[in-house]
Structure formats: C-alpha cells, structure tokens
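Asks: Data file protein-v9.txt (compact mmCIF, N, CA and C atoms) is appended below.
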# COMPACT_ATOMS: atom_id res chain seq x y z
N MET A 225 41.58 -8.79 150.68
CA MET A 225 42.84 -8.09 150.69
C MET A 225 43.04 -7.37 149.36
N GLU A 226 43.54 -6.19 149.44
CA GLU A 226 43.79 -5.42 148.23
C GLU A 226 45.10 -5.85 147.59
N GLY A 227 45.25 -5.51 146.33
CA GLY A 227 46.50 -5.78 145.64
C GLY A 227 47.64 -5.07 146.34
N GLY A 228 48.79 -5.73 146.44
CA GLY A 228 49.95 -5.16 147.11
C GLY A 228 50.01 -5.49 148.58
N HIS A 229 48.93 -6.05 149.15
CA HIS A 229 48.93 -6.43 150.57
C HIS A 229 50.00 -7.49 150.79
N GLN A 230 50.76 -7.36 151.88
CA GLN A 230 51.82 -8.33 152.19
C GLN A 230 51.56 -8.95 153.55
N ASP A 231 51.88 -10.23 153.67
CA ASP A 231 51.70 -10.96 154.92
C ASP A 231 52.86 -11.95 155.06
N HIS A 232 53.39 -12.04 156.25
CA HIS A 232 54.42 -13.06 156.52
C HIS A 232 53.73 -14.37 156.87
N VAL A 233 54.20 -15.46 156.30
CA VAL A 233 53.63 -16.77 156.58
C VAL A 233 54.74 -17.74 156.97
N ARG A 234 54.35 -18.72 157.80
CA ARG A 234 55.30 -19.75 158.20
C ARG A 234 55.32 -20.84 157.14
N GLU A 235 56.24 -21.74 157.28
CA GLU A 235 56.38 -22.83 156.32
C GLU A 235 55.11 -23.66 156.23
N ASP A 236 54.37 -23.78 157.35
CA ASP A 236 53.15 -24.59 157.33
C ASP A 236 51.95 -23.81 156.78
N GLY A 237 52.16 -22.55 156.34
CA GLY A 237 51.12 -21.78 155.70
C GLY A 237 50.33 -20.87 156.63
N ARG A 238 50.56 -20.95 157.94
CA ARG A 238 49.83 -20.09 158.87
C ARG A 238 50.44 -18.70 158.90
N ARG A 239 49.56 -17.69 159.14
CA ARG A 239 50.05 -16.32 159.27
C ARG A 239 50.92 -16.20 160.49
N GLU A 240 51.87 -15.31 160.43
CA GLU A 240 52.83 -15.15 161.52
C GLU A 240 52.84 -13.71 161.99
N ALA A 241 52.58 -13.51 163.28
CA ALA A 241 52.55 -12.16 163.83
C ALA A 241 53.96 -11.61 164.01
N GLY A 242 54.84 -12.39 164.60
CA GLY A 242 56.21 -11.96 164.82
C GLY A 242 57.13 -12.59 163.80
N LYS A 243 58.43 -12.44 164.02
CA LYS A 243 59.38 -13.01 163.06
C LYS A 243 60.38 -13.91 163.76
N SER A 244 59.95 -14.64 164.78
CA SER A 244 60.90 -15.46 165.53
C SER A 244 60.82 -16.92 165.11
N GLY A 245 61.95 -17.51 164.82
CA GLY A 245 62.07 -18.95 164.56
C GLY A 245 61.39 -19.45 163.31
N GLY A 246 61.83 -20.62 162.85
CA GLY A 246 61.22 -21.30 161.72
C GLY A 246 61.47 -20.60 160.39
N ARG A 247 61.14 -21.33 159.34
CA ARG A 247 61.27 -20.75 158.00
C ARG A 247 60.03 -19.93 157.69
N ARG A 248 60.26 -18.81 157.08
CA ARG A 248 59.16 -17.90 156.76
C ARG A 248 59.20 -17.55 155.28
N GLY A 249 58.06 -17.05 154.81
CA GLY A 249 57.97 -16.53 153.46
C GLY A 249 57.12 -15.29 153.46
N LEU A 250 57.18 -14.58 152.38
CA LEU A 250 56.37 -13.37 152.24
C LEU A 250 55.34 -13.63 151.16
N PHE A 251 54.07 -13.43 151.52
CA PHE A 251 52.95 -13.65 150.62
C PHE A 251 52.48 -12.27 150.16
N VAL A 252 52.49 -12.02 148.85
CA VAL A 252 52.07 -10.73 148.31
C VAL A 252 50.86 -10.96 147.41
N VAL A 253 49.80 -10.19 147.64
CA VAL A 253 48.58 -10.32 146.85
C VAL A 253 48.72 -9.48 145.58
N ALA A 254 48.52 -10.12 144.43
CA ALA A 254 48.50 -9.41 143.15
C ALA A 254 47.06 -9.33 142.69
N GLU A 255 46.62 -8.16 142.33
CA GLU A 255 45.24 -7.97 141.94
C GLU A 255 45.12 -8.04 140.42
N LYS A 256 44.18 -8.86 139.96
CA LYS A 256 43.95 -9.04 138.54
C LYS A 256 42.76 -8.18 138.11
N LYS A 257 42.87 -7.53 136.95
CA LYS A 257 41.75 -6.72 136.45
C LYS A 257 40.55 -7.60 136.16
N HIS A 258 39.37 -7.07 136.44
CA HIS A 258 38.13 -7.80 136.20
C HIS A 258 37.42 -7.14 135.02
N GLU A 259 36.71 -7.93 134.23
CA GLU A 259 36.06 -7.38 133.04
C GLU A 259 34.84 -6.51 133.35
N ARG A 260 34.18 -6.71 134.49
CA ARG A 260 32.96 -5.95 134.81
C ARG A 260 33.12 -4.99 135.99
N PHE A 261 34.04 -5.25 136.88
CA PHE A 261 34.15 -4.45 138.10
C PHE A 261 35.54 -3.86 138.23
N GLU A 262 35.60 -2.71 138.92
CA GLU A 262 36.86 -2.10 139.29
C GLU A 262 36.87 -1.98 140.81
N ARG A 263 37.99 -2.30 141.41
CA ARG A 263 38.09 -2.20 142.87
C ARG A 263 38.65 -0.84 143.26
N ARG A 264 38.00 -0.19 144.23
CA ARG A 264 38.51 1.05 144.83
C ARG A 264 38.47 0.86 146.33
N GLY A 265 39.59 0.42 146.88
CA GLY A 265 39.63 0.10 148.31
C GLY A 265 38.74 -1.10 148.56
N ASP A 266 37.79 -0.97 149.48
CA ASP A 266 36.85 -2.05 149.77
C ASP A 266 35.60 -1.95 148.91
N ASN A 267 35.52 -0.93 148.08
CA ASN A 267 34.34 -0.73 147.23
C ASN A 267 34.56 -1.35 145.84
N LEU A 268 33.45 -1.72 145.21
CA LEU A 268 33.47 -2.19 143.83
C LEU A 268 32.74 -1.17 142.98
N VAL A 269 33.25 -0.91 141.79
CA VAL A 269 32.61 0.02 140.86
C VAL A 269 32.13 -0.76 139.65
N PHE A 270 30.87 -0.54 139.28
CA PHE A 270 30.29 -1.16 138.09
C PHE A 270 29.81 -0.03 137.19
N ARG A 271 30.24 -0.04 135.94
CA ARG A 271 29.81 0.98 134.98
C ARG A 271 28.61 0.47 134.20
N ALA A 272 27.52 1.22 134.25
CA ALA A 272 26.28 0.82 133.59
C ALA A 272 25.94 1.82 132.49
N SER A 273 25.61 1.30 131.33
CA SER A 273 25.14 2.14 130.23
C SER A 273 23.63 2.08 130.18
N VAL A 274 23.00 3.26 130.15
CA VAL A 274 21.55 3.33 130.06
C VAL A 274 21.18 4.23 128.88
N ARG A 275 20.03 3.93 128.28
CA ARG A 275 19.55 4.74 127.17
C ARG A 275 19.05 6.09 127.68
N LEU A 276 18.98 7.04 126.78
CA LEU A 276 18.55 8.39 127.14
C LEU A 276 17.17 8.38 127.80
N ARG A 277 16.25 7.61 127.28
CA ARG A 277 14.90 7.54 127.86
C ARG A 277 14.97 7.11 129.32
N GLU A 278 15.77 6.06 129.62
CA GLU A 278 15.91 5.60 131.00
C GLU A 278 16.58 6.66 131.87
N ALA A 279 17.55 7.37 131.31
CA ALA A 279 18.23 8.43 132.07
C ALA A 279 17.25 9.53 132.45
N LEU A 280 16.28 9.78 131.59
CA LEU A 280 15.30 10.84 131.87
C LEU A 280 14.21 10.41 132.84
N VAL A 281 13.70 9.18 132.70
CA VAL A 281 12.54 8.78 133.50
C VAL A 281 12.86 7.75 134.58
N GLY A 282 14.04 7.15 134.55
CA GLY A 282 14.40 6.14 135.54
C GLY A 282 14.29 4.73 134.98
N GLY A 283 14.75 3.79 135.74
CA GLY A 283 14.72 2.40 135.31
C GLY A 283 15.48 1.54 136.29
N GLU A 284 16.04 0.45 135.78
CA GLU A 284 16.85 -0.42 136.64
C GLU A 284 17.99 -1.01 135.84
N VAL A 285 19.06 -1.28 136.56
CA VAL A 285 20.24 -1.93 135.99
C VAL A 285 20.30 -3.32 136.60
N ARG A 286 20.49 -4.31 135.77
CA ARG A 286 20.67 -5.68 136.25
C ARG A 286 22.11 -6.06 136.05
N LEU A 287 22.69 -6.66 137.08
CA LEU A 287 24.09 -7.07 136.97
C LEU A 287 24.33 -8.39 137.69
N LYS A 288 25.36 -9.07 137.26
CA LYS A 288 25.78 -10.31 137.90
C LYS A 288 26.97 -9.99 138.80
N HIS A 289 26.79 -10.23 140.10
CA HIS A 289 27.84 -9.91 141.07
C HIS A 289 28.98 -10.91 140.97
N LEU A 290 30.07 -10.64 141.65
CA LEU A 290 31.24 -11.53 141.62
C LEU A 290 30.92 -12.95 142.08
N ASP A 291 29.96 -13.07 142.99
CA ASP A 291 29.58 -14.40 143.51
C ASP A 291 28.42 -15.00 142.72
N ASP A 292 28.17 -14.49 141.52
CA ASP A 292 27.14 -14.96 140.59
C ASP A 292 25.71 -14.63 140.98
N ARG A 293 25.51 -13.84 142.04
CA ARG A 293 24.15 -13.41 142.37
C ARG A 293 23.69 -12.37 141.36
N ALA A 294 22.41 -12.39 141.03
CA ALA A 294 21.83 -11.37 140.15
C ALA A 294 21.34 -10.22 141.02
N LEU A 295 21.77 -9.00 140.72
CA LEU A 295 21.33 -7.82 141.46
C LEU A 295 20.57 -6.89 140.53
N LYS A 296 19.53 -6.25 141.08
CA LYS A 296 18.80 -5.21 140.37
C LYS A 296 19.01 -3.92 141.13
N VAL A 297 19.44 -2.90 140.43
CA VAL A 297 19.64 -1.59 141.04
C VAL A 297 18.69 -0.62 140.35
N ALA A 298 17.64 -0.20 141.06
CA ALA A 298 16.67 0.74 140.51
C ALA A 298 17.18 2.17 140.69
N PHE A 299 16.86 3.02 139.72
CA PHE A 299 17.25 4.42 139.82
C PHE A 299 16.12 5.30 139.30
N LYS A 300 16.04 6.50 139.85
CA LYS A 300 15.04 7.47 139.42
C LYS A 300 15.72 8.49 138.52
N GLY A 301 15.03 8.86 137.46
CA GLY A 301 15.55 9.89 136.58
C GLY A 301 15.11 11.26 137.06
N PRO A 302 15.64 12.30 136.54
CA PRO A 302 16.70 12.26 135.54
C PRO A 302 18.07 12.08 136.19
N ILE A 303 18.95 11.42 135.46
CA ILE A 303 20.35 11.30 135.88
C ILE A 303 21.24 11.80 134.75
N ARG A 304 22.43 12.22 135.11
CA ARG A 304 23.40 12.73 134.14
C ARG A 304 24.50 11.68 133.94
N PRO A 305 25.23 11.77 132.83
CA PRO A 305 26.38 10.88 132.68
C PRO A 305 27.34 11.08 133.87
N GLY A 306 27.82 9.98 134.42
CA GLY A 306 28.72 10.06 135.57
C GLY A 306 27.99 9.97 136.91
N HIS A 307 26.66 9.99 136.89
CA HIS A 307 25.89 9.85 138.13
C HIS A 307 26.30 8.55 138.83
N GLN A 308 26.40 8.60 140.15
CA GLN A 308 26.76 7.41 140.93
C GLN A 308 25.63 7.06 141.89
N GLN A 309 25.38 5.78 142.00
CA GLN A 309 24.41 5.28 142.99
C GLN A 309 25.12 4.23 143.82
N ILE A 310 24.99 4.34 145.14
CA ILE A 310 25.70 3.45 146.05
C ILE A 310 24.75 2.39 146.60
N VAL A 311 25.21 1.14 146.54
CA VAL A 311 24.48 0.02 147.13
C VAL A 311 25.33 -0.46 148.31
N SER A 312 24.88 -0.14 149.51
CA SER A 312 25.66 -0.43 150.72
C SER A 312 25.86 -1.93 150.94
N GLY A 313 27.07 -2.29 151.36
CA GLY A 313 27.37 -3.65 151.75
C GLY A 313 27.52 -4.66 150.62
N GLU A 314 27.61 -4.20 149.37
CA GLU A 314 27.74 -5.12 148.24
C GLU A 314 29.14 -5.05 147.61
N GLY A 315 30.10 -4.48 148.34
CA GLY A 315 31.47 -4.40 147.83
C GLY A 315 32.30 -5.58 148.30
N MET A 316 33.60 -5.36 148.43
CA MET A 316 34.53 -6.40 148.84
C MET A 316 34.53 -6.55 150.36
N PRO A 317 34.86 -7.76 150.85
CA PRO A 317 34.97 -7.93 152.31
C PRO A 317 36.08 -7.02 152.86
N VAL A 318 35.83 -6.46 154.03
CA VAL A 318 36.82 -5.58 154.67
C VAL A 318 37.79 -6.47 155.45
N ALA A 319 39.08 -6.32 155.14
CA ALA A 319 40.11 -7.15 155.77
C ALA A 319 40.07 -6.99 157.29
N LYS A 320 40.17 -8.09 157.98
CA LYS A 320 40.24 -8.16 159.45
C LYS A 320 38.99 -7.63 160.14
N THR A 321 37.86 -7.54 159.41
CA THR A 321 36.59 -7.13 160.00
C THR A 321 35.52 -8.09 159.49
N PRO A 322 35.37 -9.24 160.13
CA PRO A 322 34.42 -10.25 159.66
C PRO A 322 33.00 -9.71 159.52
N GLY A 323 32.36 -10.06 158.42
CA GLY A 323 30.98 -9.67 158.18
C GLY A 323 30.80 -8.28 157.60
N LYS A 324 31.85 -7.48 157.53
CA LYS A 324 31.73 -6.12 156.99
C LYS A 324 32.22 -6.11 155.54
N ARG A 325 31.48 -5.37 154.71
CA ARG A 325 31.83 -5.26 153.30
C ARG A 325 31.78 -3.80 152.87
N GLY A 326 32.54 -3.49 151.84
CA GLY A 326 32.47 -2.16 151.24
C GLY A 326 31.18 -2.02 150.46
N ASP A 327 31.10 -0.98 149.65
CA ASP A 327 29.89 -0.70 148.89
C ASP A 327 30.08 -0.99 147.40
N LEU A 328 28.98 -1.17 146.72
CA LEU A 328 28.97 -1.26 145.27
C LEU A 328 28.58 0.12 144.76
N ILE A 329 29.40 0.68 143.88
CA ILE A 329 29.12 1.99 143.30
C ILE A 329 28.77 1.77 141.84
N VAL A 330 27.55 2.13 141.47
CA VAL A 330 27.13 2.03 140.07
C VAL A 330 27.34 3.40 139.44
N GLU A 331 28.20 3.46 138.42
CA GLU A 331 28.45 4.71 137.69
C GLU A 331 27.72 4.62 136.36
N PHE A 332 26.94 5.63 136.06
CA PHE A 332 26.09 5.61 134.87
C PHE A 332 26.71 6.35 133.70
N ASP A 333 26.56 5.75 132.54
CA ASP A 333 26.90 6.38 131.27
C ASP A 333 25.61 6.42 130.47
N VAL A 334 25.30 7.57 129.88
CA VAL A 334 24.07 7.72 129.11
C VAL A 334 24.39 7.57 127.63
N VAL A 335 23.70 6.63 126.99
CA VAL A 335 23.90 6.37 125.56
C VAL A 335 22.86 7.17 124.78
N TRP A 336 23.34 8.09 123.97
CA TRP A 336 22.45 8.93 123.17
C TRP A 336 22.10 8.21 121.88
N PRO A 337 20.88 8.43 121.38
CA PRO A 337 20.49 7.78 120.12
C PRO A 337 21.27 8.36 118.93
N GLU A 338 21.54 7.53 117.95
CA GLU A 338 22.22 7.98 116.74
C GLU A 338 21.25 8.78 115.86
N GLU A 339 19.98 8.36 115.84
CA GLU A 339 18.96 9.01 115.02
C GLU A 339 17.67 9.11 115.83
N ILE A 340 16.82 10.08 115.45
CA ILE A 340 15.50 10.22 116.06
C ILE A 340 14.50 10.34 114.91
N SER A 341 13.46 9.54 114.96
CA SER A 341 12.44 9.61 113.91
C SER A 341 11.70 10.95 114.00
N GLU A 342 11.08 11.34 112.93
CA GLU A 342 10.34 12.59 112.91
C GLU A 342 9.20 12.56 113.92
N GLU A 343 8.54 11.41 114.04
CA GLU A 343 7.46 11.26 115.02
C GLU A 343 7.98 11.46 116.45
N ALA A 344 9.12 10.84 116.76
CA ALA A 344 9.71 11.00 118.09
C ALA A 344 10.15 12.43 118.33
N ARG A 345 10.67 13.09 117.31
CA ARG A 345 11.11 14.48 117.41
C ARG A 345 9.91 15.39 117.76
N GLU A 346 8.78 15.14 117.10
CA GLU A 346 7.57 15.93 117.37
C GLU A 346 7.08 15.71 118.79
N LYS A 347 7.08 14.46 119.23
CA LYS A 347 6.64 14.16 120.60
C LYS A 347 7.55 14.82 121.63
N LEU A 348 8.85 14.76 121.39
CA LEU A 348 9.81 15.37 122.33
C LEU A 348 9.64 16.88 122.36
N SER A 349 9.34 17.48 121.21
CA SER A 349 9.18 18.95 121.15
C SER A 349 7.99 19.42 121.97
N SER A 350 6.99 18.55 122.12
CA SER A 350 5.78 18.97 122.83
C SER A 350 5.88 18.77 124.35
N ILE A 351 6.96 18.18 124.80
CA ILE A 351 7.13 17.94 126.24
C ILE A 351 7.76 19.16 126.89
N ALA A 352 7.18 19.60 127.99
CA ALA A 352 7.75 20.72 128.76
C ALA A 352 8.63 20.16 129.87
N PHE A 353 9.89 20.54 129.88
CA PHE A 353 10.82 20.06 130.91
C PHE A 353 10.93 21.10 132.00
Show how you would write the structure in this file as structure tokens.

Replies:
Amino acid sequence: MEGGHQDHVREDGRREAGKSGGRRGLFVVAEKKHERFERRGDNLVFRASVRLREALVGGEVRLKHLDDRALKVAFKGPIRPGHQQIVSGEGMPVAKTPGKRGDLIVEFDVVWPEEISEEAREKLSSIAF
C-alpha cells in the first residue's frame, strides 16, 4: 500500500467493505523515507553511482534489496548521467493483485575523476570514439 492509502477496519482488526454496524476505525498508511530506495507508485527507484570508466564500457551494480536479497544489475556502456535501467518485477507488491510487483528502476549517476594522470591522459587521447 502506498502512503496515504486509507482503509476502514472493524474493532477486531478485519477490513470492512461496508459501513454497517459495530465500531469502526480508519487505518491510514504513512510512508517513511528509505535511505536507499524511493517509491514511485508500485516501482522502486535505486540511485547508483558509477565511475566514468564503467559508464563508458559497462559493468554491474550490486545492491541489497528491501528483503535483504543481493541483486546484481549488469549494464552495457556507454551510459549517460540519468540513464535508467528497469528490472521487471523487483518493485513493491501491487495492492489487491497477489503475486504481482512493480519494477525496480536503477538511475545512474556518473562520477567523474578529480584528476587524470599524464599516462592516462595520453592513453585516452589515442582512443577513437
């Protein structure tokens, strides 16, 4: 359930379709910010920082999912800052649709080097893009 979702519940805690009889309460879901993920509907967004070399030639991002599973997301270069890669079915469970999940969206940020050695500068100059 997303933040702000509201559900009527009976005194015994069961969900209530109608509003007839018995004591009722209103249950409101409050969403707490997560340090690694952002929720967008049923999707989860993970921001990954990759070095310039990886952005050019490709690599993989390793992350720990909400359920503590380790995931590897491989990507091919070149990619630009802001590039998104979608991993189907690794997002949040879809409300009222058992077994269905949103997607995990990996958003890439490219970290540029602060300095480049003279040797690296010469090697880069000789590469034809």

Asks: Which residues come within 12 Å of region 263-271 of chain A, counting only C-alpha atoms, excluding same-chain residues fewer than 2 positions away, as a ChimeraX atom specification?

Replies: /A:225-229,255-261,273-274,285-290,295,297,305-321,324-334

Asks: Hey, can you check how far atom N of Glu278 (chain A) sits from atom N of Ile303 (chain A)?

Replies: 8.5 Å

Asks: In Å, rounded to a single decimal, give me how far atom N of Leu348 (chain A) is from atom C of Lys300 (chain A).

Replies: 19.5 Å

Asks: Quote the spacing between CA of Val335 (chain A) and atom N of Leu280 (chain A) in Å to one decimal place.

Replies: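 Distance reported for this atom pair: 10.3 Å.
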